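Chemist: Below are the structure tokens for one structure; questions will follow.
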Amino acid sequence: MMAVLRLTDFRFGFELLRRGIVAWRRRPRLMLIGLVPALLVATAFVVLLAWALPRTYDFAQWVTPFANDWALMWRDALRLTVGFSAALALAVFCLLSFVALTLNVGGPFYQHIWRATEQELGTLPDSERALSTADSLRDTFRLLLSSLQTSVLALLIGLIPLVGVPAAGVFSAVRGTKALALELTAFAGEPRGLSLAQRRLLLAQRPTLAGACAFPVYLAFLVPVLGVLVMPSAVVTGTHLILEVLGETQPTADETSETLLDGKDLESIPKGENPDDA
């Protein structure tokens, strides 16, 4: 039964992604405006990567002075591994930070996209209970900190001989997919009073659904041009995702708190607390 439910969620996750893409046909002008902040942030990150990536081998030399007297083959092997790992870590940090920064820079643009989506669905909250500015900033900081943590761990995993770099890529994809699902549900979640920690707890109940929605977006973000084009659709998909997780009869944090797994209560979790530690 559990396998059937996961398969259903997997298929439906791609359906939610399709709805995000179809939004271009329904609201092309609004979606086009949503490209502007994504393009600005992506340009900044491309410039950063263009400057930093050619210097990763210099970084590898700087952090491995102990290898200066090694045989040439082993010295180069070590420094190439460190260089590739550093490049991967930097790319992962830029990818994960791209969404958080784009959603903040283009907040008004993406709020229009979110609002239009909910109005079309008839699910727009009657009274929006947005988080305070301090809570929103704290959530953004936590997402950026998580991106940095993922990047550092990817760098360390990448140092493992032979399997390090591919293992770091898989690790980054798993962590990145979870982070994207959290970030993309912010616009529909915050008006319902759902903090980052509360959204994490909700999405943890439907991991296959969240992954099926977010993983293709993660892959698209690996290519800067695709990342820019996908961003408005990703906001629409994130809106559909959080609404599906909440359920039609559970549009607010108060109502969903009674249905969480293991008897956990959303309102008992402080807005800055990681639910995994609750």
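Lettering and numbering for the structure tokens are positional, with chains as A, B, ... in the shown order, residues counted from 1 in each chain, and ligands counted from 1 in the shown order.
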Give me, as a tab-separated table, each residue of stretch 104-206 of chain A that comes within 9 Å of stretch 242-245 of chain A, together with its shortest interatomic pair and the distance in Å at one decimal, counting only C-alpha atoms, with rows ordered by chain and rising residue number.
Modeler:
residue	atom	partner	partner_atom	distance
A:Thr123	CA	A:Leu243	CA	8.3
A:Leu184	CA	A:Ile242	CA	8.9
A:Thr185	CA	A:Ile242	CA	5.8
A:Ala186	CA	A:Ile242	CA	8.8
A:Ala188	CA	A:Ile242	CA	6.9
A:Gly189	CA	A:Ile242	CA	6.8
A:Arg199	CA	A:Ile242	CA	8.2
A:Leu202	CA	A:Val245	CA	6.8
A:Leu203	CA	A:Val245	CA	7.0
A:Gln205	CA	A:Val245	CA	8.2
A:Arg206	CA	A:Val245	CA	7.2
Chemist: Keeping only C-alpha atoms, write the selected residues as a compact mmCIF listing (two decimals), in the first residue's frame.
Modeler:
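The result, written out as out.txt:
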# COMPACT_ATOMS: atom_id res chain seq x y z
CA THR A 123 -8.07 29.00 -2.62
CA LEU A 184 9.04 27.37 -3.47
CA THR A 185 6.21 26.83 -0.97
CA ALA A 186 6.95 30.10 0.85
CA ALA A 188 1.49 30.13 -0.43
CA GLY A 189 2.68 29.04 3.00
CA ARG A 199 6.54 23.78 5.98
CA LEU A 202 4.37 19.24 6.30
CA LEU A 203 6.48 18.32 3.28
CA GLN A 205 4.79 13.75 5.24
CA ARG A 206 4.75 13.62 1.40
Chemist: Residues within 8 Å of A:Lys178, please, as a list of chain:residue names. Count only C-alpha atoms; anything in the same chain fewer than 2 positions from it doesn't count.
Modeler: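 Counting only the stated atoms, we get A:Val174, A:Arg175, A:Gly176, A:Leu180, A:Ala181, A:Leu182, A:Ala210, A:Gly211, A:Ala214.
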Chemist: How about saving the chosen residues, N, CA and C atoms kept, as a compact mmCIF listing (two decimals), in the first residue's frame?
Modeler:
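Result written to result30.txt:
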# COMPACT_ATOMS: atom_id res chain seq x y z
N VAL A 174 20.07 15.57 -3.53
CA VAL A 174 19.07 15.21 -2.52
C VAL A 174 18.79 16.40 -1.60
N ARG A 175 19.86 17.00 -1.07
CA ARG A 175 19.68 18.15 -0.19
C ARG A 175 19.08 19.34 -0.94
N GLY A 176 19.53 19.53 -2.18
CA GLY A 176 19.03 20.65 -2.96
C GLY A 176 17.56 20.52 -3.30
N LEU A 180 14.74 23.24 -2.27
CA LEU A 180 13.90 23.90 -3.27
C LEU A 180 12.42 23.77 -2.93
N ALA A 181 12.01 22.59 -2.49
CA ALA A 181 10.61 22.39 -2.12
C ALA A 181 10.21 23.35 -1.01
N LEU A 182 11.09 23.56 -0.05
CA LEU A 182 10.80 24.49 1.04
C LEU A 182 10.70 25.92 0.53
N ALA A 210 6.86 15.90 -2.91
CA ALA A 210 7.73 17.07 -2.90
C ALA A 210 8.95 16.87 -3.80
N GLY A 211 9.52 15.67 -3.75
CA GLY A 211 10.69 15.39 -4.57
C GLY A 211 10.37 15.39 -6.06
N ALA A 214 10.15 19.04 -7.07
CA ALA A 214 11.34 19.88 -6.94
C ALA A 214 12.56 19.37 -7.70
Chemist: Between atom CA of A:Met231 and atom CA of A:Ile33, what distance in Å does the model show, to one decimal?
Modeler: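 Atom CA of A:Met231 sits 10.9 Å away from atom CA of A:Ile33.
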Chemist: Find the residues around A:Ala167 up to 12 Å (only C-alpha atoms counted), leave out those fewer than 4 positions away in its own chain, and share them as JSON, numbers by chain.
Modeler: {"A": [85, 88, 153, 154, 155, 156, 157, 158, 159, 160, 161, 162, 163, 171, 172, 173, 174]}
Chemist: Go ahead and write the selection's residues with C-alpha atoms as a CSV table (one decimal), in the first residue's frame.
Modeler:
chain,number,residue,atom,x,y,z
A,85,SER,CA,35.3,19.4,-5.2
A,88,LEU,CA,31.2,21.6,-7.2
A,153,LEU,CA,29.6,18.9,3.1
A,154,ALA,CA,29.7,18.4,-0.7
A,155,LEU,CA,33.3,19.7,-0.7
A,156,LEU,CA,34.3,17.2,2.0
A,157,ILE,CA,32.5,14.3,0.4
A,158,GLY,CA,34.2,15.2,-2.9
A,159,LEU,CA,37.6,14.6,-1.3
A,160,ILE,CA,36.9,10.8,-1.0
A,161,PRO,CA,39.1,9.0,-3.5
A,162,LEU,CA,37.4,7.7,-6.7
A,163,VAL,CA,33.8,8.0,-5.6
A,171,PHE,CA,24.3,14.3,-2.0
A,172,SER,CA,23.8,17.8,-3.3
A,173,ALA,CA,20.9,16.8,-5.5
A,174,VAL,CA,19.1,15.2,-2.5
Chemist: Which residue is closest to A:Leu229? Choose from A:Gln198, A:Thr8, A:Arg27, A:Val36 and count only C-alpha atoms.
Modeler: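 Once distances to A:Leu229 are computed over only C-alpha atoms, the minimum belongs to A:Val36.
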Chemist: In terms of the shortest atom-to-atom distance over only C-alpha atoms, which of A:Ala220, A:Glu118, A:Ala100, A:Asp76 is closest to A:Arg138?
Modeler: A:Ala100
Chemist: Just give me the gap between atom CA of A:Ala71 and atom CA of A:Phe59 in Å, one decimal is fine.
Modeler: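 Atom-to-atom, atom CA of A:Ala71 to atom CA of A:Phe59, that is 19.5 Å.
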Chemist: Neighbours of A:Ala212 within 10 Å (only C-alpha atoms; same-chain residues fewer than 4 positions away dropped), as number ranges by chain?
Modeler: A: 9-17, 177, 181, 207-208, 216-217
Chemist: Rounded to one decimal, what separation in Å do you get between atom CA of A:Val22 and atom CA of A:Cys213?
Modeler: 14.3 Å
Chemist: Can you write out as a Markdown table which residues of stretch 113-225 of chain A fall within 12 Å of stretch 40-52 of chain A, alongside each residue's closest atom pair and its distance in Å to one decimal, counting only C-alpha atoms and ordering rows by chain and ascending residue number?
Modeler:
| residue | atom | partner | partner_atom | distance |
| --- | --- | --- | --- | --- |
| A:Phe221 | CA | A:Ala42 | CA | 9.8 |
| A:Leu222 | CA | A:Ala42 | CA | 11.2 |
| A:Val223 | CA | A:Ala42 | CA | 10.2 |
| A:Pro224 | CA | A:Ala42 | CA | 6.5 |
| A:Val225 | CA | A:Ala42 | CA | 8.3 |
Chemist: Keeping C-alpha atoms for every residue in the selection just given, could you write it to a file as a PDB file, in the first residue's frame?
Modeler:
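Result file result04.pdb:
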ATOM      1  CA  PHE A 221      18.694  25.184 -12.379  1.00  0.00           C
ATOM      2  CA  LEU A 222      21.942  23.421 -13.304  1.00  0.00           C
ATOM      3  CA  VAL A 223      21.692  25.297 -16.616  1.00  0.00           C
ATOM      4  CA  PRO A 224      21.509  29.084 -15.983  1.00  0.00           C
ATOM      5  CA  VAL A 225      19.211  29.844 -18.941  1.00  0.00           C
TER       6      VAL A 225
END
